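See below for protein_33.cif, which holds mmCIF, C-alpha atoms.
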```
data_model
#
loop_
_atom_site.group_PDB
_atom_site.id
_atom_site.type_symbol
_atom_site.label_atom_id
_atom_site.label_comp_id
_atom_site.auth_asym_id
_atom_site.auth_seq_id
_atom_site.Cartn_x
_atom_site.Cartn_y
_atom_site.Cartn_z
ATOM 1 C CA MET A 253 0.000 0.000 0.000
ATOM 2 C CA ILE A 254 1.287 3.496 -0.907
ATOM 3 C CA LYS A 255 0.657 6.418 1.426
ATOM 4 C CA VAL A 256 -0.278 9.593 -0.481
ATOM 5 C CA LYS A 257 0.040 13.015 1.116
ATOM 6 C CA PHE A 258 -1.421 16.218 -0.326
ATOM 7 C CA PHE A 259 0.060 19.647 0.410
ATOM 8 C CA GLY A 260 -0.909 23.267 0.081
ATOM 9 C CA VAL A 261 -4.088 24.435 -1.573
ATOM 10 C CA LEU A 262 -4.592 20.962 -3.044
ATOM 11 C CA ARG A 263 -4.963 19.766 0.552
ATOM 12 C CA LEU A 264 -7.514 22.482 1.268
ATOM 13 C CA ASP A 265 -9.455 21.925 -1.943
ATOM 14 C CA LEU A 266 -9.702 18.169 -1.440
ATOM 15 C CA GLY A 267 -10.175 18.309 2.309
ATOM 16 C CA ILE A 268 -7.768 15.368 2.482
ATOM 17 C CA VAL A 269 -4.366 15.430 4.187
ATOM 18 C CA GLU A 270 -3.413 11.867 3.284
ATOM 19 C CA THR A 271 -4.842 8.679 1.846
ATOM 20 C CA GLU A 272 -3.669 5.236 0.725
ATOM 21 C CA ALA A 273 -3.691 3.563 -2.689
ATOM 22 C CA GLU A 274 -2.358 0.519 -4.523
ATOM 23 C CA ALA A 275 -0.032 1.257 -7.464
ATOM 24 C CA SER A 276 3.293 0.061 -8.842
ATOM 25 C CA THR A 277 4.451 3.291 -10.521
ATOM 26 C CA VAL A 278 3.851 7.015 -10.058
ATOM 27 C CA LYS A 279 1.940 7.116 -13.352
ATOM 28 C CA GLU A 280 -0.383 4.356 -12.201
ATOM 29 C CA LEU A 281 -0.834 6.019 -8.834
ATOM 30 C CA LEU A 282 -1.952 9.292 -10.442
ATOM 31 C CA GLU A 283 -4.545 7.399 -12.490
ATOM 32 C CA VAL A 284 -5.793 5.578 -9.395
ATOM 33 C CA LEU A 285 -6.134 8.890 -7.538
ATOM 34 C CA LYS A 286 -8.013 10.563 -10.400
ATOM 35 C CA ASN A 287 -10.414 7.637 -10.586
ATOM 36 C CA SER A 288 -11.001 7.399 -6.850
ATOM 37 C CA ILE A 289 -11.168 11.064 -5.781
ATOM 38 C CA ASP A 290 -13.964 12.937 -7.488
ATOM 39 C CA LYS A 291 -12.426 16.408 -7.117
ATOM 40 C CA LEU A 292 -9.270 15.246 -8.926
ATOM 41 C CA LYS A 293 -11.070 14.246 -12.124
ATOM 42 C CA ASP A 294 -10.315 17.512 -13.922
ATOM 43 C CA VAL A 295 -6.986 18.219 -12.255
ATOM 44 C CA ASN A 296 -3.750 17.675 -14.176
ATOM 45 C CA LEU A 297 -1.700 16.032 -11.430
ATOM 46 C CA LYS A 298 1.403 16.069 -13.633
ATOM 47 C CA ASP A 299 1.555 19.846 -13.042
ATOM 48 C CA TYR A 300 2.304 19.242 -9.358
ATOM 49 C CA VAL A 301 5.683 18.670 -7.764
ATOM 50 C CA ILE A 302 5.736 14.997 -6.822
ATOM 51 C CA PHE A 303 7.992 13.420 -4.236
ATOM 52 C CA VAL A 304 8.578 9.752 -3.511
ATOM 53 C CA ASN A 305 9.893 9.355 0.007
ATOM 54 C CA GLU A 306 11.014 13.017 0.125
ATOM 55 C CA ASP A 307 12.810 12.931 -3.273
ATOM 56 C CA ASN A 308 11.485 14.831 -6.270
ATOM 57 C CA ILE A 309 10.614 12.417 -9.086
ATOM 58 C CA VAL A 310 12.720 14.571 -11.464
ATOM 59 C CA LYS A 311 15.703 13.038 -9.662
ATOM 60 C CA LEU A 312 14.234 9.549 -9.999
ATOM 61 C CA LYS A 313 12.545 8.163 -13.125
ATOM 62 C CA MET A 314 9.763 10.733 -13.326
ATOM 63 C CA PHE A 315 6.366 9.104 -13.816
ATOM 64 C CA ARG A 316 7.984 5.697 -14.444
ATOM 65 C CA THR A 317 9.379 5.694 -10.888
ATOM 66 C CA LYS A 318 8.519 2.363 -9.295
ATOM 67 C CA LEU A 319 6.636 2.295 -6.031
ATOM 68 C CA ASN A 320 6.972 -0.250 -3.267
ATOM 69 C CA ASP A 321 4.749 -1.145 -0.362
ATOM 70 C CA GLY A 322 5.175 1.482 2.361
ATOM 71 C CA ASP A 323 6.414 4.266 0.046
ATOM 72 C CA VAL A 324 5.131 7.759 0.701
ATOM 73 C CA VAL A 325 4.176 9.899 -2.298
ATOM 74 C CA SER A 326 3.609 13.614 -1.735
ATOM 75 C CA LEU A 327 1.913 15.975 -4.170
ATOM 76 C CA MET A 328 2.245 19.698 -3.812
ATOM 77 C CA SER A 329 2.296 22.966 -5.692
ATOM 78 C CA PRO A 330 4.726 25.571 -4.370
ATOM 79 C CA VAL A 331 3.403 28.790 -2.869
ATOM 80 C CA SER A 332 4.718 32.073 -4.225
ATOM 81 C CA GLY A 333 3.291 34.921 -2.162
ATOM 82 C CA GLY A 334 5.425 37.229 -0.085
ATOM 83 C CA MET B 215 32.526 30.043 20.683
ATOM 84 C CA ASP B 216 28.890 30.487 21.717
ATOM 85 C CA TYR B 217 26.607 30.405 18.661
ATOM 86 C CA VAL B 218 24.676 33.550 19.594
ATOM 87 C CA PHE B 219 27.918 35.477 20.105
ATOM 88 C CA SER B 220 29.275 34.157 16.770
ATOM 89 C CA ALA B 221 26.058 35.083 15.002
ATOM 90 C CA GLU B 222 26.054 38.633 16.365
ATOM 91 C CA LYS B 223 29.698 39.091 15.440
ATOM 92 C CA VAL B 224 29.181 37.885 11.861
ATOM 93 C CA LEU B 225 26.027 39.963 11.479
ATOM 94 C CA SER B 226 27.801 43.100 12.702
ATOM 95 C CA GLU B 227 30.117 42.754 9.693
ATOM 96 C CA SER B 228 27.520 41.645 7.109
ATOM 97 C CA SER B 229 25.198 43.210 4.589
ATOM 98 C CA ALA B 230 21.899 41.742 3.449
ATOM 99 C CA LEU B 231 19.832 42.389 0.364
ATOM 100 C CA VAL B 232 16.120 41.963 1.052
ATOM 101 C CA VAL B 233 14.037 41.721 -2.120
ATOM 102 C CA GLY B 234 10.445 42.616 -1.302
ATOM 103 C CA ALA B 235 9.423 44.700 1.711
ATOM 104 C CA GLY B 236 5.891 43.388 2.171
ATOM 105 C CA GLY B 237 4.715 40.477 4.320
ATOM 106 C CA LEU B 238 7.918 38.472 4.526
ATOM 107 C CA GLY B 239 10.300 41.336 3.802
ATOM 108 C CA GLY B 240 9.038 43.547 6.632
ATOM 109 C CA TRP B 241 9.620 40.836 9.197
ATOM 110 C CA VAL B 242 12.988 39.799 7.712
ATOM 111 C CA ILE B 243 14.174 43.424 7.879
ATOM 112 C CA GLU B 244 12.948 43.748 11.465
ATOM 113 C CA TYR B 245 14.658 40.536 12.635
ATOM 114 C CA LEU B 246 17.932 41.386 10.892
ATOM 115 C CA ALA B 247 18.009 44.878 12.399
ATOM 116 C CA ARG B 248 17.279 43.644 15.894
ATOM 117 C CA ALA B 249 19.880 40.896 15.490
ATOM 118 C CA GLY B 250 22.451 43.627 14.788
ATOM 119 C CA ILE B 251 23.226 43.392 11.085
ATOM 120 C CA LYS B 252 25.561 46.046 9.704
ATOM 121 C CA LYS B 253 23.719 46.923 6.504
ATOM 122 C CA ILE B 254 20.341 46.229 4.877
ATOM 123 C CA THR B 255 19.439 47.075 1.303
ATOM 124 C CA ALA B 256 15.688 46.746 0.783
ATOM 125 C CA VAL B 257 14.221 46.679 -2.723
ATOM 126 C CA ASP B 258 10.528 47.190 -3.431
ATOM 127 C CA GLY B 259 8.821 49.572 -5.838
ATOM 128 C CA ASP B 260 5.418 49.198 -4.217
ATOM 129 C CA VAL B 261 3.475 51.447 -1.839
ATOM 130 C CA PHE B 262 1.297 50.388 1.074
ATOM 131 C CA SER B 263 -2.388 49.791 0.445
ATOM 132 C CA SER B 264 -5.207 48.871 2.794
ATOM 133 C CA SER B 265 -5.023 45.199 1.776
ATOM 134 C CA ASN B 266 -1.540 45.063 3.346
ATOM 135 C CA LEU B 267 -2.696 45.980 6.843
ATOM 136 C CA ASN B 268 -3.512 42.434 7.944
ATOM 137 C CA ARG B 269 0.038 41.088 7.644
ATOM 138 C CA GLN B 270 2.656 43.640 6.544
ATOM 139 C CA LEU B 271 4.552 44.832 9.592
ATOM 140 C CA TYR B 272 5.294 48.396 8.508
ATOM 141 C CA SER B 273 1.866 49.217 7.086
ATOM 142 C CA THR B 274 -0.370 51.403 9.217
ATOM 143 C CA SER B 275 -3.609 53.247 8.598
ATOM 144 C CA GLY B 276 -1.496 56.429 8.519
ATOM 145 C CA ASN B 277 1.048 55.479 5.857
ATOM 146 C CA LEU B 278 -1.105 54.073 3.054
ATOM 147 C CA GLY B 279 0.263 55.248 -0.303
ATOM 148 C CA GLU B 280 3.808 55.587 1.040
ATOM 149 C CA TYR B 281 6.708 53.522 -0.353
ATOM 150 C CA LYS B 282 7.261 50.357 1.682
ATOM 151 C CA VAL B 283 11.046 50.686 1.669
ATOM 152 C CA PHE B 284 11.003 54.262 3.012
ATOM 153 C CA GLU B 285 8.604 53.290 5.813
ATOM 154 C CA ALA B 286 10.898 50.363 6.638
ATOM 155 C CA LYS B 287 13.883 52.709 6.749
ATOM 156 C CA LYS B 288 12.125 55.040 9.220
ATOM 157 C CA ARG B 289 11.204 52.129 11.458
ATOM 158 C CA ILE B 290 14.711 50.625 11.424
ATOM 159 C CA PHE B 291 16.248 53.987 12.322
ATOM 160 C CA GLU B 292 13.996 54.050 15.401
ATOM 161 C CA ILE B 293 15.022 50.513 16.393
ATOM 162 C CA ASN B 294 18.728 50.607 15.635
ATOM 163 C CA PRO B 295 20.189 53.776 14.100
ATOM 164 C CA LYS B 296 23.527 52.031 13.660
ATOM 165 C CA VAL B 297 22.091 49.906 10.856
ATOM 166 C CA GLU B 298 23.051 51.324 7.478
ATOM 167 C CA PHE B 299 19.774 51.141 5.521
ATOM 168 C CA VAL B 300 19.591 51.610 1.775
ATOM 169 C CA ALA B 301 16.026 51.929 0.450
ATOM 170 C CA VAL B 302 15.556 51.165 -3.253
ATOM 171 C CA SER B 303 12.040 52.159 -4.344
ATOM 172 C CA ASP B 304 12.139 50.105 -7.515
ATOM 173 C CA MET B 305 11.324 46.537 -8.484
ATOM 174 C CA LEU B 306 14.162 44.083 -8.925
ATOM 175 C CA GLY B 307 14.631 43.247 -12.601
ATOM 176 C CA GLU B 308 17.209 42.300 -15.220
ATOM 177 C CA LYS B 309 18.742 45.806 -15.172
ATOM 178 C CA ASN B 310 19.449 46.230 -11.460
ATOM 179 C CA ALA B 311 19.645 42.656 -10.135
ATOM 180 C CA SER B 312 23.357 41.971 -10.640
ATOM 181 C CA GLY B 313 24.493 45.242 -9.091
ATOM 182 C CA LEU B 314 22.268 44.867 -6.046
ATOM 183 C CA VAL B 315 23.192 41.218 -5.480
ATOM 184 C CA SER B 316 26.931 41.746 -5.884
ATOM 185 C CA ASP B 317 27.025 44.275 -3.023
ATOM 186 C CA ALA B 318 25.429 41.864 -0.506
ATOM 187 C CA ASP B 319 26.853 39.089 1.650
ATOM 188 C CA ILE B 320 23.510 37.313 1.663
ATOM 189 C CA VAL B 321 20.226 37.730 -0.197
ATOM 190 C CA PHE B 322 16.667 37.201 1.079
ATOM 191 C CA ASP B 323 13.927 36.265 -1.363
ATOM 192 C CA CYS B 324 10.771 37.909 -0.026
ATOM 193 C CA CYS B 325 9.223 38.457 -3.465
ATOM 194 C CA ASP B 326 5.617 37.905 -4.375
ATOM 195 C CA ASN B 327 6.063 36.257 -7.751
ATOM 196 C CA GLN B 328 7.739 33.348 -9.467
ATOM 197 C CA VAL B 329 9.453 35.338 -12.236
ATOM 198 C CA THR B 330 11.459 37.537 -9.851
ATOM 199 C CA ARG B 331 12.347 34.537 -7.699
ATOM 200 C CA LEU B 332 13.815 32.675 -10.686
ATOM 201 C CA LEU B 333 15.740 35.763 -11.805
ATOM 202 C CA LEU B 334 17.093 36.146 -8.281
ATOM 203 C CA GLU B 335 18.205 32.503 -8.172
ATOM 204 C CA LYS B 336 20.022 32.878 -11.497
ATOM 205 C CA VAL B 337 21.801 36.097 -10.498
ATOM 206 C CA CYS B 338 22.718 34.842 -7.018
ATOM 207 C CA SER B 339 24.142 31.634 -8.437
ATOM 208 C CA ALA B 340 26.238 33.562 -10.990
ATOM 209 C CA SER B 341 27.451 35.928 -8.234
ATOM 210 C CA LYS B 342 28.172 33.035 -5.811
ATOM 211 C CA LYS B 343 25.727 34.399 -3.219
ATOM 212 C CA ILE B 344 23.496 32.401 -0.914
ATOM 213 C CA LEU B 345 19.787 33.078 -1.453
ATOM 214 C CA ILE B 346 17.382 32.508 1.417
ATOM 215 C CA HIS B 347 14.007 31.687 -0.080
ATOM 216 C CA GLY B 348 10.686 32.180 1.646
ATOM 217 C CA ALA B 349 7.160 32.110 0.265
ATOM 218 C CA ILE B 350 3.680 32.145 1.747
ATOM 219 C CA ASN B 351 0.057 31.675 0.766
ATOM 220 C CA ARG B 352 -3.039 31.438 2.943
ATOM 221 C CA THR B 353 -1.972 29.118 5.787
ATOM 222 C CA PHE B 354 1.119 27.630 4.140
ATOM 223 C CA GLY B 355 4.756 28.615 3.864
ATOM 224 C CA GLN B 356 8.037 27.280 2.551
ATOM 225 C CA VAL B 357 11.700 28.016 3.234
ATOM 226 C CA SER B 358 15.000 27.015 1.654
ATOM 227 C CA ALA B 359 18.655 28.078 1.641
ATOM 228 C CA VAL B 360 19.691 28.128 -1.991
ATOM 229 C CA PHE B 361 23.442 27.823 -2.418
ATOM 230 C CA PRO B 362 25.108 28.665 -5.763
ATOM 231 C CA GLY B 363 24.407 25.865 -8.225
ATOM 232 C CA ASP B 364 21.634 24.235 -6.154
ATOM 233 C CA GLY B 365 18.934 25.243 -8.666
ATOM 234 C CA THR B 366 16.296 24.649 -5.984
ATOM 235 C CA LEU B 367 13.813 27.254 -7.168
ATOM 236 C CA SER B 368 13.935 26.357 -10.854
ATOM 237 C CA ARG B 369 12.991 22.784 -9.944
ATOM 238 C CA LEU B 370 10.467 23.828 -7.306
ATOM 239 C CA TYR B 371 8.662 26.144 -9.738
ATOM 240 C CA SER B 372 8.944 23.831 -12.746
ATOM 241 C CA GLY B 373 5.212 23.098 -12.612
ATOM 242 C CA ARG B 374 2.512 25.456 -11.510
ATOM 243 C CA ALA B 375 2.604 27.676 -8.458
ATOM 244 C CA GLU B 376 -0.530 28.211 -6.476
ATOM 245 C CA LYS B 377 -2.623 31.279 -7.094
ATOM 246 C CA THR B 378 -1.783 33.685 -4.283
ATOM 247 C CA GLU B 379 -4.689 34.441 -1.977
ATOM 248 C CA LYS B 380 -5.124 36.149 1.367
ATOM 249 C CA THR B 381 -2.589 35.073 3.969
ATOM 250 C CA LEU B 382 -3.222 35.142 7.691
ATOM 251 C CA ALA B 383 -1.347 37.715 9.798
ATOM 252 C CA TYR B 384 1.042 35.413 11.643
ATOM 253 C CA VAL B 385 2.167 33.333 8.627
ATOM 254 C CA PRO B 386 4.765 35.821 7.276
ATOM 255 C CA ALA B 387 6.211 36.416 10.740
ATOM 256 C CA VAL B 388 6.919 32.715 11.270
ATOM 257 C CA ILE B 389 8.282 32.044 7.777
ATOM 258 C CA ALA B 390 10.429 35.213 7.916
ATOM 259 C CA GLY B 391 11.825 34.030 11.259
ATOM 260 C CA LEU B 392 12.792 30.722 9.682
ATOM 261 C CA GLN B 393 14.382 32.601 6.758
ATOM 262 C CA VAL B 394 16.516 34.770 9.047
ATOM 263 C CA ASN B 395 17.472 31.673 11.027
ATOM 264 C CA GLU B 396 18.685 30.027 7.799
ATOM 265 C CA GLY B 397 20.462 33.217 6.732
ATOM 266 C CA ILE B 398 22.352 33.562 9.979
ATOM 267 C CA LYS B 399 23.362 29.876 9.938
ATOM 268 C CA ALA B 400 24.624 30.319 6.382
ATOM 269 C CA LEU B 401 26.645 33.412 7.356
ATOM 270 C CA VAL B 402 28.090 31.731 10.441
ATOM 271 C CA GLY B 403 29.338 28.721 8.532
ATOM 272 C CA GLY B 404 26.690 26.977 6.520
ATOM 273 C CA GLU B 405 26.105 24.011 8.834
ATOM 274 C CA ASN B 406 22.651 22.454 9.257
ATOM 275 C CA THR B 407 21.066 24.737 6.701
ATOM 276 C CA LEU B 408 18.255 23.884 4.303
ATOM 277 C CA GLY B 409 20.793 23.807 1.462
ATOM 278 C CA GLY B 410 21.441 21.302 -1.311
ATOM 279 C CA GLY B 411 17.870 21.437 -2.597
ATOM 280 C CA LYS B 412 16.126 20.905 0.726
ATOM 281 C CA VAL B 413 12.845 22.741 1.228
ATOM 282 C CA LEU B 414 10.787 22.978 4.398
ATOM 283 C CA PHE B 415 7.013 23.121 3.878
ATOM 284 C CA VAL B 416 4.900 24.384 6.759
ATOM 285 C CA ASP B 417 1.156 23.833 7.096
ATOM 286 C CA PHE B 418 -0.024 25.970 10.003
ATOM 287 C CA ILE B 419 -3.473 24.414 10.234
ATOM 288 C CA ASN B 420 -2.284 20.833 10.463
ATOM 289 C CA ASN B 421 0.921 21.680 12.387
ATOM 290 C CA SER B 422 2.980 19.836 9.810
ATOM 291 C CA TYR B 423 6.621 20.607 9.025
ATOM 292 C CA ASP B 424 7.779 18.483 6.082
ATOM 293 C CA PHE B 425 11.216 18.452 4.489
ATOM 294 C CA PHE B 426 11.672 17.538 0.836
ATOM 295 C CA SER B 427 14.603 17.343 -1.532
ATOM 296 C CA VAL B 428 13.649 19.019 -4.790
#
```
Have the structure of the file written as structure tokens, please.
Amino acid sequence: MIKVKFFGVLRLDLGIVETEAEASTVKELLEVLKNSIDKLKDVNLKDYVIFVNEDNIVKLKMFRTKLNDGDVVSLMSPVSGG
Amino acid sequence: MDYVFSAEKVLSESSALVVGAGGLGGWVIEYLARAGIKKITAVDGDVFSSSNLNRQLYSTSGNLGEYKVFEAKKRIFEINPKVEFVAVSDMLGEKNASGLVSDADIVFDCCDNQVTRLLLEKVCSASKKILIHGAINRTFGQVSAVFPGDGTLSRLYSGRAEKTEKTLAYVPAVIAGLQVNEGIKALVGGENTLGGGKVLFVDFINNSYDFFSV
């Protein structure tokens, strides 16, 4: 099982801090989330910064990054106000 | 040597460039002045408006319409007249960025937009200056110490940033405190900073402090 954590306004909009899902890659996980969380249906999750166990997927294998039981995937969009 | 003593000594010989004198910038300027920094250069071409009153330290009902950097200068003179304060009532852009950055020992990103932040990262990296990033929105904040070559902000803002909406009064004060903490650690010796691509994300409502490597 993969733990998924939402950050920032995405967290507020969904009203969900974290959830769990079954998936073997980041790409598959994003599809599972879109299909299981109604408010994500029209959201392009690839626009978000995605971390697997605290590492940005740009430093891993992007959406092909493999996921293992117990991994934590975090989705966030950076804030930019000052 | 005691850390507080070391910090005060280094600060008394250091100059900081603070880009943005609004929510974050006001508090960063205040903390730096009270900590005993030698020189502050504050850059912001904006004036105070009523929408700033809820969170921008130097805005008052009596100074609406006045330049933020000049109000900051007046306030800092009252607190610590020994601080050399340079007020630049202009926005940071391609034309003035290099000159302003090159004169500073450390740079604080207190901007309110992605474009200026990315310009600042590029110029600081080229000038071998440490950039202390802070950003806020609503009840969230983030902080990082960007060392030359880290490229933290270009990766962080590679997707979409959140639309900026009203931020609660205490959020800039806390994030600015964390920024100054990172800045002082970087000036003292660079140990235990949020460098190397690390970013701290703070969610005030859920009391969560999460560290990521971007």
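Taken over the shown file, the PyMOL selection byres ((chain A) within 6 of (chain B)) identifies Asp299, Tyr300, Glu306, Asp307, Asn308, Ser329, Pro330, Val331, Ser332, Gly333 and Gly334 of chain A.
Nearest to B:Asn310 of all the residues B:Leu333, B:Lys343, B:Ser220, B:Leu278 is B:Leu333, based on only C-alpha atoms.
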Practice problem: To verify the selection step, state as a ChimeraX atom specification which residues the PyMOL selection byres ((chain A and resi 285-288) around 12) yields on this input. | Solution: /A:254-258,266,270-275,278-284,289-298,325,327
Quiz item: Please, what distance in Å, to one decimal, runs between atom CA of B:Val283 and atom CA of B:Glu396?
Solution: 22.9 Å
Exercise. Kindly give the distance, in Å, that separates atom CA of B:Asp364 and atom CA of B:Lys223, rounded to a single decimal.
Key: 27.4 Å
Size and centre in Å, one decimal, axis-aligned box, all listed stretch 410-417 of chain B atoms plus 5 Å per side, as AutoDock Vina command-line options:
```
--center_x 11.3 --center_y 22.6 --center_z 2.2 --size_x 30.3 --size_y 13.5 --size_z 19.7
```
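Distance annotation: of B:Leu231, B:Ile346, B:Val321, B:Leu382, the residue with the minimal separation from B:Leu408 is B:Ile346; atom set is only C-alpha atoms.
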Exercise. Quick one: pull the distance between atom CA of B:Val357 and atom CA of B:Met305, Å, one decimal.
Key: 21.9 Å
Practice problem: Could you tell me which residues the PyMOL selection byres ((chain B and resi 279) around 7) returns for this structure, as a PyMOL selection string? | Solution: chain B and resi 261-263+277-278+280-281
Quiz item: Which one of A:Gly322, A:Met328, A:Val269, A:Thr277 sits closest to A:Val301 if you count all atoms listed in the file?
Solution: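 Among the listed residues, A:Met328 lies closest to A:Val301.
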Quiz prompt | Nearest residue to B:Val385 from the set B:Ala247, B:Ile254, B:Leu334, B:Leu271 (distances using all atoms listed in the file) | solution = B:Leu271
Exercise. May I have the protein, DNA and RNA residues with an atom at most 9 Å from (11.2, 6.9, -3.0), counting all atoms listed in the file in the file's coordinates, returned as a list in words?
Key: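 Every polymer residue passing the test: Phe303, Val304, Asn305, Glu306, Asp307, Asn308, Ile309, Leu312, Thr317, Lys318, Leu319, Asn320, Asp323, Val324 and Val325 of chain A.
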Expected file: the selected residues, C-alpha atoms, as an mmCIF file, in the frame of the given file:
```cif
data_model
loop_
_atom_site.group_PDB
_atom_site.id
_atom_site.type_symbol
_atom_site.label_atom_id
_atom_site.label_comp_id
_atom_site.auth_asym_id
_atom_site.auth_seq_id
_atom_site.Cartn_x
_atom_site.Cartn_y
_atom_site.Cartn_z
ATOM 1 C CA PHE A 303 7.992 13.420 -4.236
ATOM 2 C CA VAL A 304 8.578 9.752 -3.511
ATOM 3 C CA ASN A 305 9.893 9.355 0.007
ATOM 4 C CA GLU A 306 11.014 13.017 0.125
ATOM 5 C CA ASP A 307 12.810 12.931 -3.273
ATOM 6 C CA ASN A 308 11.485 14.831 -6.270
ATOM 7 C CA ILE A 309 10.614 12.417 -9.086
ATOM 8 C CA LEU A 312 14.234 9.549 -9.999
ATOM 9 C CA THR A 317 9.379 5.694 -10.888
ATOM 10 C CA LYS A 318 8.519 2.363 -9.295
ATOM 11 C CA LEU A 319 6.636 2.295 -6.031
ATOM 12 C CA ASN A 320 6.972 -0.250 -3.267
ATOM 13 C CA ASP A 323 6.414 4.266 0.046
ATOM 14 C CA VAL A 324 5.131 7.759 0.701
ATOM 15 C CA VAL A 325 4.176 9.899 -2.298
#
```
Quiz prompt | B:Gly365 environment, 9 Å, all atoms listed in the file, sequence neighbours closer than 3 positions dropped, as number ranges by chain | solution = B: 335-336, 339, 360-362, 368-370, 410-411
Self-check item: Residue neighbourhood B:Tyr217, 12 Å, all atoms listed in the file, exclusion window fewer than 6 positions, as a PyMOL selection string
Solution: chain B and resi 223-225+395+398-399+401-403+405
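Of the residues listed (B:Lys342, B:Lys252, B:Lys282, B:Arg269), B:Lys252 shows the shortest atom-to-atom separation from B:Asn294; distances use all atoms listed in the file.
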Quiz item: Which one of B:Glu298, B:Ser341, B:Leu414, B:Glu222 sits closest to B:Gly313 if you count all atoms listed in the file?
Solution: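 Between B:Glu298, B:Ser341, B:Leu414, B:Glu222, the residue approaching B:Gly313 most closely is B:Ser341.
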